[in-house]
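Everything below belongs to work.cif, which stores mmCIF, C-alpha atoms and all ligand atoms.
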data_model
loop_
_atom_site.label_atom_id
_atom_site.label_comp_id
_atom_site.auth_asym_id
_atom_site.auth_seq_id
_atom_site.Cartn_x
_atom_site.Cartn_y
_atom_site.Cartn_z
CA MET A 1 110.55 95.43 133.17
CA ASP A 2 111.40 96.95 129.81
CA MET A 3 109.05 99.69 128.69
CA THR A 4 108.53 99.62 124.93
CA LEU A 5 106.26 101.06 122.28
CA ARG A 6 104.77 99.26 119.34
CA TRP A 7 106.06 100.55 115.99
CA TYR A 8 104.75 99.28 112.67
CA GLY A 9 107.81 99.91 110.56
CA PRO A 10 108.71 102.25 107.69
CA GLY A 11 105.72 103.23 105.60
CA TYR A 12 103.06 101.86 107.95
CA ASP A 13 103.27 104.09 110.99
CA SER A 14 102.59 107.80 111.48
CA VAL A 15 104.82 107.70 114.56
CA THR A 16 108.58 107.91 113.98
CA LEU A 17 111.41 106.20 115.82
CA GLU A 18 112.82 109.64 116.64
CA GLN A 19 109.58 110.46 118.46
CA ILE A 20 109.55 107.13 120.27
CA ARG A 21 113.10 107.70 121.45
CA GLN A 22 111.95 110.84 123.22
CA VAL A 23 109.37 109.03 125.33
CA PRO A 24 111.05 108.80 128.74
CA GLY A 25 112.19 105.30 129.66
CA VAL A 26 111.43 103.70 126.29
CA LYS A 27 114.51 101.96 124.93
CA GLY A 28 112.99 99.36 122.69
CA VAL A 29 110.25 98.88 120.15
CA ILE A 30 107.98 96.00 119.37
CA THR A 31 107.74 95.68 115.64
CA THR A 32 107.06 93.31 112.77
CA LEU A 33 107.59 92.91 109.06
CA TYR A 34 104.16 94.24 108.28
CA GLY A 35 104.27 93.32 104.60
CA THR A 36 104.79 89.59 105.17
CA LYS A 37 102.02 87.02 104.85
CA PRO A 38 101.23 84.39 107.47
CA GLY A 39 102.67 81.06 106.33
CA GLU A 40 105.75 82.55 104.63
CA ALA A 41 109.29 82.53 106.02
CA TRP A 42 110.70 85.98 106.75
CA GLU A 43 113.71 86.95 104.67
CA LYS A 44 116.99 87.25 106.54
CA ASP A 45 117.83 90.52 104.80
CA GLU A 46 114.50 92.08 105.70
CA ILE A 47 115.05 91.24 109.36
CA LYS A 48 118.56 92.70 109.27
CA LYS A 49 117.26 95.80 107.51
CA ILE A 50 114.57 96.65 110.04
CA LYS A 51 116.96 95.88 112.89
CA LYS A 52 119.44 98.38 111.48
CA VAL A 53 116.78 101.06 111.02
CA VAL A 54 115.74 100.67 114.66
CA GLU A 55 119.30 100.57 115.99
CA ASP A 56 120.35 103.58 113.90
CA ALA A 57 117.63 105.51 115.71
CA GLY A 58 119.16 104.57 119.06
CA LEU A 59 116.59 101.92 119.97
CA THR A 60 116.49 98.12 119.98
CA ILE A 61 113.96 95.57 118.77
CA ARG A 62 112.72 94.15 122.08
CA GLY A 63 110.29 91.75 120.45
CA ILE A 64 108.05 90.97 117.52
CA GLU A 65 104.31 91.53 117.42
CA SER A 66 103.37 89.52 115.57
CA VAL A 67 104.78 86.60 113.69
CA ASN A 68 101.31 85.70 112.50
CA VAL A 69 100.14 82.11 112.42
CA SER A 70 98.41 81.12 109.18
CA ASP A 71 94.85 79.87 109.01
CA ALA A 72 96.23 76.58 107.65
CA ILE A 73 98.03 76.05 110.96
CA LYS A 74 94.98 77.05 112.99
CA ILE A 75 92.72 74.77 110.97
CA GLY A 76 95.29 71.99 110.63
CA ASN A 77 94.85 71.48 106.88
CA LYS A 78 97.23 70.07 104.25
CA ASP A 79 99.43 73.20 104.20
CA ARG A 80 99.98 73.17 107.94
CA ASP A 81 103.36 71.43 108.09
CA GLU A 82 104.85 73.55 105.34
CA HIS A 83 103.69 76.71 107.11
CA ILE A 84 105.08 75.47 110.42
CA ALA A 85 108.43 74.77 108.75
CA ASN A 86 108.42 78.36 107.48
CA TYR A 87 107.50 79.63 110.94
CA ILE A 88 110.46 77.73 112.37
CA THR A 89 112.73 79.28 109.75
CA THR A 90 111.46 82.73 110.74
CA LEU A 91 112.10 82.03 114.42
CA GLU A 92 115.58 80.76 113.61
CA ARG A 93 116.40 83.90 111.64
CA LEU A 94 115.03 86.14 114.39
CA GLY A 95 116.92 84.13 117.01
CA GLU A 96 120.14 84.54 115.07
CA GLU A 97 119.64 88.32 115.28
CA GLY A 98 119.09 88.10 119.04
CA ILE A 99 115.35 88.80 118.79
CA ASN A 100 113.68 86.35 121.14
CA MET A 101 110.28 87.53 122.27
CA ILE A 102 107.43 86.73 119.92
CA CYS A 103 103.79 87.68 120.26
CA TYR A 104 101.20 85.79 118.20
CA ASN A 105 97.56 84.88 118.37
CA PHE A 106 95.40 81.89 117.56
CA MET A 107 92.11 83.65 116.81
CA PRO A 108 90.17 82.29 113.85
CA VAL A 109 89.45 84.73 110.98
CA PHE A 110 89.37 87.95 112.98
CA ASP A 111 92.14 89.21 115.22
CA TRP A 112 90.76 91.80 117.70
CA THR A 113 87.26 93.13 117.00
CA ARG A 114 85.65 96.46 117.88
CA SER A 115 82.31 97.99 116.92
CA ASP A 116 83.67 101.53 116.91
CA LEU A 117 87.18 102.86 116.26
CA ALA A 118 86.49 106.48 117.17
CA ARG A 119 83.88 106.80 119.90
CA VAL A 120 83.96 110.28 121.41
CA ARG A 121 84.53 110.39 125.16
CA PRO A 122 83.47 113.22 127.47
CA ASP A 123 86.90 114.91 127.19
CA GLY A 124 86.62 115.03 123.38
CA GLY A 125 89.24 112.32 122.74
CA THR A 126 88.19 109.35 120.63
CA VAL A 127 88.70 105.71 121.49
CA LEU A 128 88.06 102.16 120.33
CA ALA A 129 84.87 100.72 121.75
CA TYR A 130 82.83 97.54 121.71
CA ASN A 131 79.10 97.13 121.85
CA GLN A 132 77.69 93.63 121.59
CA ASP A 133 74.34 94.81 120.21
CA VAL A 134 76.10 96.52 117.30
CA ILE A 135 78.30 93.46 116.66
CA ASP A 136 75.23 91.21 116.70
CA LYS A 137 73.81 93.19 113.77
CA ILE A 138 76.98 93.03 111.63
CA ASP A 139 77.26 90.48 108.87
CA PRO A 140 80.80 89.20 109.60
CA GLU A 141 81.47 88.55 105.93
CA HIS A 142 81.14 92.29 105.39
CA MET A 143 83.41 93.40 108.23
CA LYS A 144 85.79 94.71 105.60
CA GLU A 145 83.49 97.61 104.76
CA SER A 146 82.93 98.41 108.44
CA ILE A 147 86.62 98.39 109.31
CA ASN A 148 87.73 100.31 106.21
CA ALA A 149 85.20 103.04 106.91
CA MET A 150 86.59 103.47 110.42
CA SER A 151 90.34 103.16 110.02
CA ASN A 152 91.52 106.61 108.79
CA GLY A 153 93.09 105.07 105.68
CA PHE A 154 95.57 103.02 107.72
CA VAL A 155 95.99 99.27 107.34
CA MET A 156 94.91 97.97 110.73
CA PRO A 157 96.94 95.16 112.33
CA GLY A 158 94.99 91.94 111.94
CA TRP A 159 92.75 93.54 109.29
CA GLU A 160 95.04 93.32 106.29
CA PRO A 161 93.13 93.86 103.00
CA GLU A 162 94.09 90.50 101.47
CA ARG A 163 92.52 88.67 104.42
CA LEU A 164 89.39 90.77 104.30
CA ASP A 165 88.96 89.98 100.63
CA SER A 166 88.43 86.32 101.34
CA LEU A 167 86.20 86.33 104.39
CA LYS A 168 83.65 83.96 102.91
CA GLU A 169 86.31 81.34 102.11
CA LEU A 170 87.83 81.82 105.54
CA PHE A 171 84.52 81.22 107.29
CA ASP A 172 84.00 78.09 105.17
CA MET A 173 87.43 76.79 106.12
CA TYR A 174 86.59 77.05 109.83
CA LYS A 175 83.16 75.47 109.64
CA ASP A 176 84.26 72.15 111.20
CA ILE A 177 86.65 73.65 113.71
CA ASP A 178 85.43 73.67 117.27
CA GLU A 179 87.27 74.70 120.43
CA GLU A 180 88.80 71.29 120.94
CA LYS A 181 90.21 71.02 117.42
CA LEU A 182 91.55 74.56 117.57
CA PHE A 183 93.21 73.84 120.93
CA ASN A 184 94.79 70.64 119.63
CA ASN A 185 96.11 72.47 116.58
CA LEU A 186 97.66 75.07 118.85
CA VAL A 187 99.36 72.38 120.92
CA TYR A 188 100.61 70.70 117.72
CA PHE A 189 102.09 74.02 116.59
CA LEU A 190 103.71 74.76 119.95
CA GLU A 191 105.28 71.32 120.15
CA ALA A 192 106.67 71.64 116.64
CA ILE A 193 108.38 74.96 117.33
CA GLY A 194 109.76 73.80 120.70
CA PRO A 195 113.29 72.90 119.56
CA VAL A 196 113.94 76.21 117.79
CA CYS A 197 112.54 78.18 120.74
CA GLU A 198 114.76 76.29 123.15
CA LYS A 199 117.82 76.68 120.93
CA PHE A 200 117.51 80.48 120.79
CA ASP A 201 115.82 81.00 124.16
CA ILE A 202 112.77 82.37 122.37
CA LYS A 203 109.74 83.16 124.49
CA MET A 204 106.39 82.86 122.75
CA GLY A 205 103.58 84.98 124.17
CA ILE A 206 100.14 84.08 122.90
CA HIS A 207 97.82 87.05 122.76
CA PRO A 208 94.42 86.53 124.37
CA ASP A 209 91.29 86.62 122.23
CA ASP A 210 89.75 90.04 122.00
CA PRO A 211 86.98 90.29 123.00
CA ALA A 212 87.43 87.37 125.34
CA TRP A 213 84.47 85.27 124.23
CA PRO A 214 83.42 83.53 120.99
CA ILE A 215 82.11 85.89 118.31
CA PHE A 216 80.39 85.26 114.96
CA GLY A 217 80.09 81.58 115.86
CA LEU A 218 83.89 81.13 115.77
CA PRO A 219 85.66 79.30 118.59
CA ARG A 220 87.94 81.22 120.98
CA ILE A 221 90.37 79.40 123.25
CA VAL A 222 92.41 82.07 125.08
CA THR A 223 89.74 83.90 127.02
CA ASN A 224 90.10 83.28 130.76
CA LYS A 225 92.29 81.90 133.54
CA GLU A 226 91.17 78.27 133.21
CA LYS A 227 91.82 78.13 129.47
CA ILE A 228 95.17 79.86 129.77
CA VAL A 229 96.33 77.55 132.55
CA LYS A 230 95.20 74.55 130.48
CA LEU A 231 97.32 75.79 127.59
CA LEU A 232 100.39 76.49 129.75
CA LYS A 233 100.12 72.98 131.18
CA ALA A 234 99.53 71.29 127.81
CA VAL A 235 103.00 72.41 126.72
CA ASP A 236 104.61 72.94 130.08
CA LYS A 237 107.83 74.62 128.97
CA PRO A 238 109.12 78.13 129.65
CA TYR A 239 108.97 79.05 125.95
CA ASN A 240 105.18 78.62 125.98
CA GLY A 241 103.96 81.81 127.60
CA ILE A 242 101.32 84.47 127.24
CA THR A 243 101.07 88.11 126.31
CA LEU A 244 99.23 89.48 129.28
CA CYS A 245 96.86 91.87 127.54
CA THR A 246 94.77 93.54 130.23
CA GLY A 247 92.43 95.16 127.73
CA SER A 248 91.65 91.91 125.93
CA LEU A 249 91.23 89.73 129.00
CA GLY A 250 89.51 92.62 130.76
CA SER A 251 86.89 92.84 128.01
CA ASN A 252 85.24 89.96 129.84
CA GLN A 253 84.13 91.66 133.02
CA ASN A 254 84.28 88.34 134.91
CA ASN A 255 88.03 88.05 134.42
CA ASP A 256 90.15 88.97 137.44
CA ILE A 257 93.41 90.19 135.88
CA PRO A 258 95.60 90.03 139.04
CA GLU A 259 94.44 86.43 139.56
CA ILE A 260 95.37 85.59 135.96
CA ILE A 261 98.81 87.16 136.46
CA LYS A 262 99.38 85.03 139.56
CA ALA A 263 98.27 81.88 137.74
CA CYS A 264 100.79 82.62 134.96
CA GLU A 265 103.77 83.43 137.17
CA GLY A 266 107.02 83.00 135.24
CA ARG A 267 105.20 82.58 131.92
CA ILE A 268 104.53 86.21 130.95
CA PRO A 269 107.27 87.43 128.59
CA PHE A 270 105.18 90.38 127.40
CA ALA A 271 102.48 92.61 128.84
CA HIS A 272 100.06 95.03 127.15
CA VAL A 273 98.73 97.19 129.93
CA ARG A 274 95.73 99.42 129.39
CA ASN A 275 92.48 100.38 131.01
CA LEU A 276 88.85 99.92 129.99
CA LYS A 277 85.69 101.69 131.05
CA TYR A 278 82.73 99.34 131.43
CA ASN A 279 79.45 101.02 130.56
CA THR A 280 77.11 98.02 130.62
CA PRO A 281 77.77 94.26 130.62
CA ARG A 282 77.59 94.49 126.79
CA ASP A 283 79.51 97.71 126.23
CA PHE A 284 82.99 98.97 127.01
CA GLU A 285 85.35 101.62 125.72
CA GLU A 286 89.10 102.07 125.96
CA ALA A 287 89.75 104.72 128.60
CA ALA A 288 93.02 106.53 129.27
CA HIS A 289 95.55 104.38 131.10
CA LEU A 290 94.92 105.96 134.52
CA SER A 291 92.87 103.91 136.99
CA SER A 292 90.66 106.93 137.65
CA ASP A 293 89.60 107.16 134.00
CA GLY A 294 88.32 103.59 133.65
CA SER A 295 87.11 100.55 135.54
CA MET A 296 90.38 98.72 136.16
CA ASP A 297 92.84 99.02 139.04
CA MET A 298 96.09 99.68 137.19
CA TYR A 299 98.11 99.90 140.40
CA LYS A 300 97.00 96.43 141.42
CA ILE A 301 97.86 95.06 137.98
CA MET A 302 101.37 96.55 138.03
CA LYS A 303 101.88 95.51 141.66
CA THR A 304 100.89 91.92 140.89
CA LEU A 305 103.29 91.88 137.94
CA TYR A 306 106.02 93.10 140.26
CA ASP A 307 105.15 90.66 143.05
CA THR A 308 105.25 87.71 140.65
CA GLY A 309 108.72 88.67 139.37
CA PHE A 310 107.70 89.97 135.94
CA ASP A 311 110.84 90.91 134.00
CA GLY A 312 109.57 90.94 130.43
CA ALA A 313 108.72 93.62 127.92
CA ILE A 314 105.73 95.81 128.54
CA ARG A 315 103.95 98.36 126.44
CA PRO A 316 101.11 100.77 126.86
CA ASP A 317 98.33 99.61 124.62
CA HIS A 318 95.76 101.34 122.47
CA GLY A 319 95.78 105.03 123.29
CA ARG A 320 93.04 107.58 122.84
CA MET A 321 93.27 109.90 119.85
CA ILE A 322 93.89 113.31 121.38
CA TRP A 323 95.34 116.74 120.61
CA GLY A 324 94.31 116.55 116.96
CA GLU A 325 96.60 113.64 116.11
CA LYS A 326 95.91 111.64 112.95
CA ALA A 327 97.09 108.06 113.30
CA MET A 328 96.06 104.45 113.12
CA PRO A 329 93.17 104.08 115.60
CA GLY A 330 94.62 103.12 118.97
CA TYR A 331 98.20 103.72 117.87
CA GLY A 332 98.82 107.44 118.01
CA LEU A 333 101.87 108.75 119.83
CA TYR A 334 100.46 111.12 122.43
CA ASP A 335 98.23 109.00 124.57
CA ARG A 336 100.52 105.97 124.42
CA ALA A 337 103.39 108.18 125.58
CA LEU A 338 101.23 109.34 128.49
CA GLY A 339 100.45 105.70 129.22
CA ALA A 340 104.14 104.72 129.14
CA THR A 341 105.10 107.39 131.65
CA TYR A 342 102.13 106.65 133.93
CA LEU A 343 102.92 102.92 134.02
CA GLN A 344 106.57 103.67 134.75
CA GLY A 345 105.49 106.00 137.54
CA LEU A 346 103.45 103.25 139.12
CA TRP A 347 106.37 100.83 138.73
CA GLU A 348 108.90 103.22 140.27
CA ALA A 349 106.68 103.73 143.31
CA ILE A 350 106.13 99.98 143.68
CA VAL A 351 109.86 99.23 143.43
CA LYS A 352 110.81 101.95 145.92
CA GLN A 353 108.16 100.89 148.37
CA ALA A 354 109.40 97.33 148.24
C1 LIG B 1 95.62 94.99 118.44
C2 LIG B 1 96.62 94.03 118.90
C3 LIG B 1 96.47 92.67 118.23
C4 LIG B 1 97.69 91.82 118.56
C5 LIG B 1 97.62 90.44 117.95
C6 LIG B 1 98.79 89.60 118.37
O1 LIG B 1 95.79 96.15 118.61
O2 LIG B 1 96.66 93.92 120.27
O3 LIG B 1 96.38 92.86 116.86
O4 LIG B 1 98.82 92.44 118.08
O5 LIG B 1 96.46 89.79 118.32
O6 LIG B 1 99.02 88.60 117.43
#

Serialized structure, structure tokens:
Amino acid sequence: MDMTLRWYGPGYDSVTLEQIRQVPGVKGVITTLYGTKPGEAWEKDEIKKIKKVVEDAGLTIRGIESVNVSDAIKIGNKDRDEHIANYITTLERLGEEGINMICYNFMPVFDWTRSDLARVRPDGGTVLAYNQDVIDKIDPEHMKESINAMSNGFVMPGWEPERLDSLKELFDMYKDIDEEKLFNNLVYFLEAIGPVCEKFDIKMGIHPDDPAWPIFGLPRIVTNKEKIVKLLKAVDKPYNGITLCTGSLGSNQNNDIPEIIKACEGRIPFAHVRNLKYNTPRDFEEAAHLSSDGSMDMYKIMKTLYDTGFDGAIRPDHGRMIWGEKAMPGYGLYDRALGATYLQGLWEAIVKQA
């Protein structure tokens, strides 16, 4: 298990590599070239540059989150094959630099979705939260205004301004895409990138849909154990794995995370481990990582990862905003650092007990 922290790269993150290096046990970061557009090939020099910046700070790049998949690939339109060729080039260039864990998602239009990016909790910290009644009232084509108003001036991952500017076109492009077509397009993509993944021993970890059910009439295909197992079987190769995101899968209160971990044994190159507090079947908020602060059993999650031989990268996920920090919602330093040490504490106890 390699404990990591997500870092957005120079100019995008309020957290520095020097700070990350001081979080006990964290030796690597999960990063990306934030300025790149889905569909384009990443420049070799840019990859080398960010690698050097990270290594000069005494850390390594443990993986990429994300190499984003373009809407053309998800929809399967005329630009798909060109975009896949560029994706393969990116993987090849990352592989050549020894970077071989890639997180991506296959969510149409919106990446993760929340109704509130700064809900105040009883301890005064603020957190990301989701309320279905609020989401039901939002006009999805105007999500841009909602997200911009909530994001502290940061560009939120998955909510890049250029995407938000064309929401109407994006919705139109997806109007004939149902679950089955989306799934087939994902399989097509995974088969196409197979050779480059195998050549460089790259592990792809698809991120679950968040929340884990269809929203705004758009299909969602990575939401529960059955769908994940179907995907792992459809391309039954070690490179086709998942990012085990407990907060995303856990948004659906019917999902049993330890059972999902067991069903994915050997196919989890990356884990995002965080807790949620369920308030009602239609409302949850992102608690601190500790089991006692939320609704999930974090010990059981870490123990099941251990018991199934998990040896991938792991990171604490969205943290609360505490101690007056100003950062991208969910991605401040303080609470994620607390999460990283807590998860490592659980892990140490599990290892020693075994
Ligand atoms: C949100 C993240 C997601 C995730 C992507 C992976 O905080 O968990 O944006 O990085 O879905 O492609």

* Give the residue list for ligand LIG 1 (chain B) at 8 Å, counting only C-alpha atoms and all ligand atoms, as a list of chain:residue names, sorted by chain and then by residue number. => A:Glu65, A:Ser66, A:Val67, A:Asn68, A:Cys103, A:Tyr104, A:Asn105, A:Phe106, A:Met107, A:Asp111, A:Trp112, A:Pro157, A:Gly158, A:Ile206, A:His207, A:Pro208, A:Asp209, A:Asp210, A:Cys245, A:Ser248, A:His272, A:Asp317, A:His318, A:Gly330, A:Tyr331

Residues within 12 Å of A:Pro122, please, as a PDB file with C-alpha atoms, in the coordinates of the input. Count only C-alpha atoms; anything in the same chain fewer than 3 positions from it doesn't count.
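This went into out.pdb:
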ATOM      1  CA  ARG A 119      83.880 106.800 119.900  1.00  0.00           C
ATOM      2  CA  GLY A 125      89.240 112.320 122.740  1.00  0.00           C
ATOM      3  CA  THR A 126      88.190 109.350 120.630  1.00  0.00           C
ATOM      4  CA  VAL A 127      88.700 105.710 121.490  1.00  0.00           C
ATOM      5  CA  GLU A 285      85.350 101.620 125.720  1.00  0.00           C
ATOM      6  CA  ALA A 287      89.750 104.720 128.600  1.00  0.00           C
ATOM      7  CA  ALA A 288      93.020 106.530 129.270  1.00  0.00           C
ATOM      8  CA  ASP A 293      89.600 107.160 134.000  1.00  0.00           C
TER       9      ASP A 293
END

* Counting all atoms listed in the file, the residue of A:Lys49, A:Arg274, A:Arg62, A:Lys44 that sits nearest A:Gly28 ->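 Residue with the minimum atom-to-atom distance to A:Gly28: A:Arg62.
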
* Leaving out A:Lys51 and any residue of its chain fewer than 5 positions from it, which residues lie within 12 Å of it when counting only C-alpha atoms, given as a count of residues only? -> 25

* Skip A:Glu286 itself and residues of its chain fewer than 4 positions away, then list as an MDAnalysis selection string all residues within 9 Å of it, counting only C-alpha atoms. => chainID A and resid 127:130 247 274:278 294 318:320 330

List the spatial neighbours of stretch 138-143 of chain A as a short mmCIF file (atom, residue, chain, number, x, y, z; two decimals) with C-alpha atoms, in the frame of the given file - criterion: any atom at most 12 Å away, only C-alpha atoms, same-chain residues fewer than 6 positions off excluded.
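Result saved to around.cif:
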data_model
loop_
_atom_site.label_atom_id
_atom_site.label_comp_id
_atom_site.auth_asym_id
_atom_site.auth_seq_id
_atom_site.Cartn_x
_atom_site.Cartn_y
_atom_site.Cartn_z
CA VAL A 109 89.45 84.73 110.98
CA PHE A 110 89.37 87.95 112.98
CA ASP A 111 92.14 89.21 115.22
CA THR A 113 87.26 93.13 117.00
CA ARG A 114 85.65 96.46 117.88
CA SER A 115 82.31 97.99 116.92
CA ASP A 116 83.67 101.53 116.91
CA ASN A 131 79.10 97.13 121.85
CA GLN A 132 77.69 93.63 121.59
CA ALA A 149 85.20 103.04 106.91
CA MET A 150 86.59 103.47 110.42
CA TRP A 159 92.75 93.54 109.29
CA GLU A 160 95.04 93.32 106.29
CA PRO A 161 93.13 93.86 103.00
CA ARG A 163 92.52 88.67 104.42
CA LEU A 164 89.39 90.77 104.30
CA ASP A 165 88.96 89.98 100.63
CA SER A 166 88.43 86.32 101.34
CA LEU A 167 86.20 86.33 104.39
CA LYS A 168 83.65 83.96 102.91
CA GLU A 169 86.31 81.34 102.11
CA LEU A 170 87.83 81.82 105.54
CA PHE A 171 84.52 81.22 107.29
CA ASP A 172 84.00 78.09 105.17
CA ILE A 215 82.11 85.89 118.31
CA PHE A 216 80.39 85.26 114.96
CA GLY A 217 80.09 81.58 115.86
CA LEU A 218 83.89 81.13 115.77
#

* Asked: Of the candidates A:Thr90, A:Glu162, A:Asp297, A:Thr243, which shows the shortest atom-to-atom distance to A:Ile314, using only C-alpha atoms?
  ->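 Closest to A:Ile314 of all the choices is A:Thr243.
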
* Asked: Which neighbours of A:Glu40 fall inside 10 Å, counting only C-alpha atoms, when residues of the same chain fewer than 3 positions from it are skipped, and could you give them as a ChimeraX atom specification?
  -> /A:36-37,43,67-70,82-87,89-90

* To do: Using atom CA of A:Asp283 and atom CA of A:Ser251 as the two end points, give the distance in Å to one decimal.
  => 9.0 Å

* **One-decimal distance in Å that lies between atom CA of A:Val235 and atom CA of A:Ala72** =>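 Straight-line distance from atom CA of A:Ala72 to atom CA of A:Val235 works out to 20.7 Å.
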
* To do: Find the residue from A:His289, A:Lys74, A:Arg6, A:Lys225 that sits nearest to A:Leu244; use only C-alpha atoms when measuring.
  => A:Lys225

* **Residue nearest A:Ala337 - candidates A:Asp2, A:Arg21, A:Arg121, A:Trp213, atoms counted: only C-alpha atoms** => A:Arg21

* Just give me the gap between atom CA of A:Glu18 and atom CA of A:Val155 in Å, one decimal is fine. =>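 Here the two named atoms are 21.8 Å from each other.
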
* To do: Kindly indicate which residue among A:Ile202, A:Leu5, A:Ile50, A:Val229 lies nearest to A:Met101, using only C-alpha atoms for the distances.
  =>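 Among A:Ile202, A:Leu5, A:Ile50, A:Val229, it is A:Ile202 that comes nearest to A:Met101.
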